[in-house]
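Participant: This structure is in structure tokens; I'll ask about it shortly.
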Amino acid sequence: MNKAYIKALANYIPEKMMTNEDFAATLETSNEWILTRTGIEQRHIAAEDETTLDMGMKVLENLKKQGINLDDVDGIIVPTTTKDYPTPSTSALIQNALGLKNCFSLDLSAACSGYVYSINTATALIESGVCTNVLVIAIEKITKDVNWNDRSTAILFGDAATVALLSKSNDDSGVIAMDMQSRASDILIVPSSGTAIPISVQNIEDGKHFIHMEGSETFKIAVTEFCNSIEKTLKEANMSMDDISCFIPHQANIRIIQYVAKKTGFPYDKIEIILNKYGNTSSASIGLALTEAYHSGKIKKGDNILFTAFGAGLTWGSTLIRW
Ligand SMILES: CC(C)(COP(=O)(O)OP(=O)(O)OC[C@H]1O[C@@H](n2cnc3c(N)ncnc32)[C@H](O)[C@@H]1OP(=O)(O)O)[C@@H](O)C(=O)NCCC(=O)NCCS
């Protein structure tokens, strides 16, 4: 069986940045509340006229600057909660912009678990021989779905894009275990704009097009399923947390990460944390952290890297990679 490994990585962070103090100026909140309850210090916001496609092309430019050739890409997967259009898919727009002919494109809807689901899907496509080089481009302009008057959600999210190029491995490096799980729930939902609650003046006036989250309920399920997914993935690889060099969890709340570290006994200083700088960037968060860790030299060949995510759906899952 072919193994799939991550060949190249890049990030794109929009220029505009908002601090907690900026929120405190307009909402009944404070830097202290946001920092202690979430771990977030700041987040970046895409420009008003910047589309998901624009962000995707910018992150690909950052990949190409590393000398990466994309001519042989035969699959594009875009996890995103903020597509440009209901149809066509954003991945198809990217494929078109790259001028790739022998290639398929797919948008993947798994909210904050989108990166893990997409890396796992790309791995399965490469392992089965269907594809050879797959781009996973997680792109989120999630702040467009946020009600800026709702202090319980507005302060949480940020915009970003990240790309991973997966290719067929020639040695024993690559993905060694995967987990993907889900359960239907409406505790984290954007109610309107689909067929169930279509866009209407009334629904917009009622704020149904914004993110609604039962925060503490989501928190409770997240910590349980994080630990469950980690356990399942390590078991599949016949490993323990002692074998993991770097753990990259989805970055929604620092208290979730602290809880998971304590529960699994994983050293906190081996966890990549970027939440303070970028907030919750949904499907982009694990890729952002991985890319920063890789480019800063923290990840070495032979290291075992574990990603674990949790998001709306509800969805959760993990990827374990030998670098
Ligand atoms: C959203 C989240 C930060 C809220 O933190 P929390 O400690 O659970 O806070 P609660 O929602 O219980 O609210 C506690 C109080 O703080 C208030 N509050 C909420 N946001 C606030 C803010 N920005 N500033 C000040 N007070 C705030 C609430 O109104 C509530 O006040 P009350 O007790 O008077 O009703 C946290 O629940 C969370 O991170 N949830 C999980 C997110 C997640 O994993 N998402 C999955 C992927 S996206």
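Order determines the names: the first chain of the structure tokens is A, the second B, and so forth; residues in each chain are numbered 1 upward, and ligands are numbered 1 upward as they are shown.
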Near A:Leu70, within 9 Å and counting only C-alpha atoms, which residues show up once chain neighbours fewer than 4 positions away are dropped, as a list in words?
Facilitator: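 So the residues in contact are Lys64, Leu98, Leu100, Asn133, Leu135 and Leu165 of chain A.
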Participant: Export N, CA and C atoms of the chosen residues as a PDB file, in the first residue's frame?
Facilitator:
```pdb
ATOM      1  N   LYS A  64       3.944  28.360  -3.356  1.00  0.00           N
ATOM      2  CA  LYS A  64       4.770  28.404  -4.580  1.00  0.00           C
ATOM      3  C   LYS A  64       6.091  29.140  -4.342  1.00  0.00           C
ATOM      4  N   LEU A  98      -5.872  27.581 -11.019  1.00  0.00           N
ATOM      5  CA  LEU A  98      -4.541  26.964 -11.170  1.00  0.00           C
ATOM      6  C   LEU A  98      -4.362  26.360 -12.564  1.00  0.00           C
ATOM      7  N   LEU A 100      -5.547  23.471 -13.639  1.00  0.00           N
ATOM      8  CA  LEU A 100      -5.254  22.034 -13.553  1.00  0.00           C
ATOM      9  C   LEU A 100      -6.328  21.233 -14.274  1.00  0.00           C
ATOM     10  N   ASN A 133      -0.925  13.358  -5.833  1.00  0.00           N
ATOM     11  CA  ASN A 133      -0.586  14.621  -5.152  1.00  0.00           C
ATOM     12  C   ASN A 133      -1.881  15.377  -4.849  1.00  0.00           C
ATOM     13  N   LEU A 135      -3.843  18.518  -2.764  1.00  0.00           N
ATOM     14  CA  LEU A 135      -3.779  19.746  -1.964  1.00  0.00           C
ATOM     15  C   LEU A 135      -4.942  19.753  -0.985  1.00  0.00           C
ATOM     16  N   LEU A 165       0.360  20.022   1.047  1.00  0.00           N
ATOM     17  CA  LEU A 165       0.450  19.194  -0.153  1.00  0.00           C
ATOM     18  C   LEU A 165       0.822  17.779   0.286  1.00  0.00           C
TER      19      LEU A 165
END
```
Participant: Write out as a count of residues only the residues lying within 7 Å of A:Thr80, counting only C-alpha atoms and excluding same-chain residues fewer than 2 positions away.
Facilitator: 11
Participant: Counting only C-alpha atoms and all ligand atoms, which of A:Lys263, A:Lys232, A:Lys220, A:His295 gets nearest to ligand 1?
Facilitator: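 The answer is A:Lys220, which sits nearest to ligand 1.
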Participant: Please identify all protein, DNA and RNA residues within 8 Å of ligand 1, counting only C-alpha atoms and all ligand atoms, and report them as number ranges by chain.
Facilitator: A: 27-30, 33-34, 37-38, 111-112, 150-156, 188, 213-220, 222, 250-253, 255-256, 280, 282, 310-312
Participant: Give me the residues near A:Ser240 as a ChimeraX atom specification, where near means some atom within 12 Å (using only C-alpha atoms) and where sequence neighbours in that chain fewer than 4 positions away do not count.
Facilitator: /A:230-236,244-245,264-266,304,306,320
Participant: Can you spit out the residues from that selection as a compact mmCIF listing (two decimals), in the first residue's frame, using N, CA and C atoms?
Facilitator:
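See part.txt below for the written result:
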```
# COMPACT_ATOMS: atom_id res chain seq x y z
N ILE A 230 -8.22 10.46 20.66
CA ILE A 230 -6.77 10.25 20.87
C ILE A 230 -6.52 8.78 21.24
N GLU A 231 -7.34 8.28 22.16
CA GLU A 231 -7.17 6.90 22.63
C GLU A 231 -7.31 5.91 21.46
N LYS A 232 -8.37 6.14 20.66
CA LYS A 232 -8.64 5.23 19.54
C LYS A 232 -7.49 5.24 18.52
N THR A 233 -6.97 6.44 18.24
CA THR A 233 -5.92 6.58 17.22
C THR A 233 -4.61 5.96 17.70
N LEU A 234 -4.27 6.21 18.97
CA LEU A 234 -3.03 5.62 19.51
C LEU A 234 -3.13 4.10 19.51
N LYS A 235 -4.32 3.60 19.84
CA LYS A 235 -4.52 2.15 19.88
C LYS A 235 -4.31 1.56 18.48
N GLU A 236 -4.87 2.23 17.47
CA GLU A 236 -4.73 1.74 16.10
C GLU A 236 -3.25 1.66 15.70
N ILE A 244 4.60 10.20 21.15
CA ILE A 244 4.24 11.38 20.36
C ILE A 244 5.22 12.53 20.65
N SER A 245 5.81 13.09 19.57
CA SER A 245 6.77 14.18 19.75
C SER A 245 6.06 15.52 19.81
N THR A 264 -4.62 13.11 29.41
CA THR A 264 -3.81 12.13 28.68
C THR A 264 -2.39 12.05 29.25
N GLY A 265 -2.04 12.99 30.14
CA GLY A 265 -0.69 13.01 30.71
C GLY A 265 0.35 13.50 29.73
N PHE A 266 -0.09 14.17 28.65
CA PHE A 266 0.86 14.65 27.64
C PHE A 266 1.49 15.97 28.11
N ASN A 304 6.72 11.54 15.55
CA ASN A 304 5.30 11.17 15.45
C ASN A 304 4.46 12.38 15.86
N LEU A 306 0.67 14.13 16.24
CA LEU A 306 -0.75 13.79 16.39
C LEU A 306 -1.61 15.05 16.27
N LEU A 320 -2.54 10.66 12.80
CA LEU A 320 -1.21 10.42 13.38
C LEU A 320 -0.24 10.22 12.22
```
Participant: Of the residues A:Ser89, A:Ser296, A:Thr51, A:Ser192, which is the one nearest to A:Lys141, using only C-alpha atoms?
Facilitator: A:Thr51
Participant: Counting only C-alpha atoms, which residue out of A:Pro191, A:Pro267, A:Gly174, A:Pro249 sits closest to A:Asp303?
Facilitator: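 Smallest distance to A:Asp303 is found for A:Gly174.
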Participant: Using only C-alpha atoms, find the one residue out of A:Met180, A:Ile204, A:Met17, A:Leu125 that sits nearest to A:Ser167.
Facilitator: A:Leu125
Participant: So which residues of stretch 44-163 of chain A fall under strand (DSSP E) by DSSP, listed as a PyMOL selection string?
Facilitator: chain A and resi 44-45+75-79+104-108+133-140+160-163
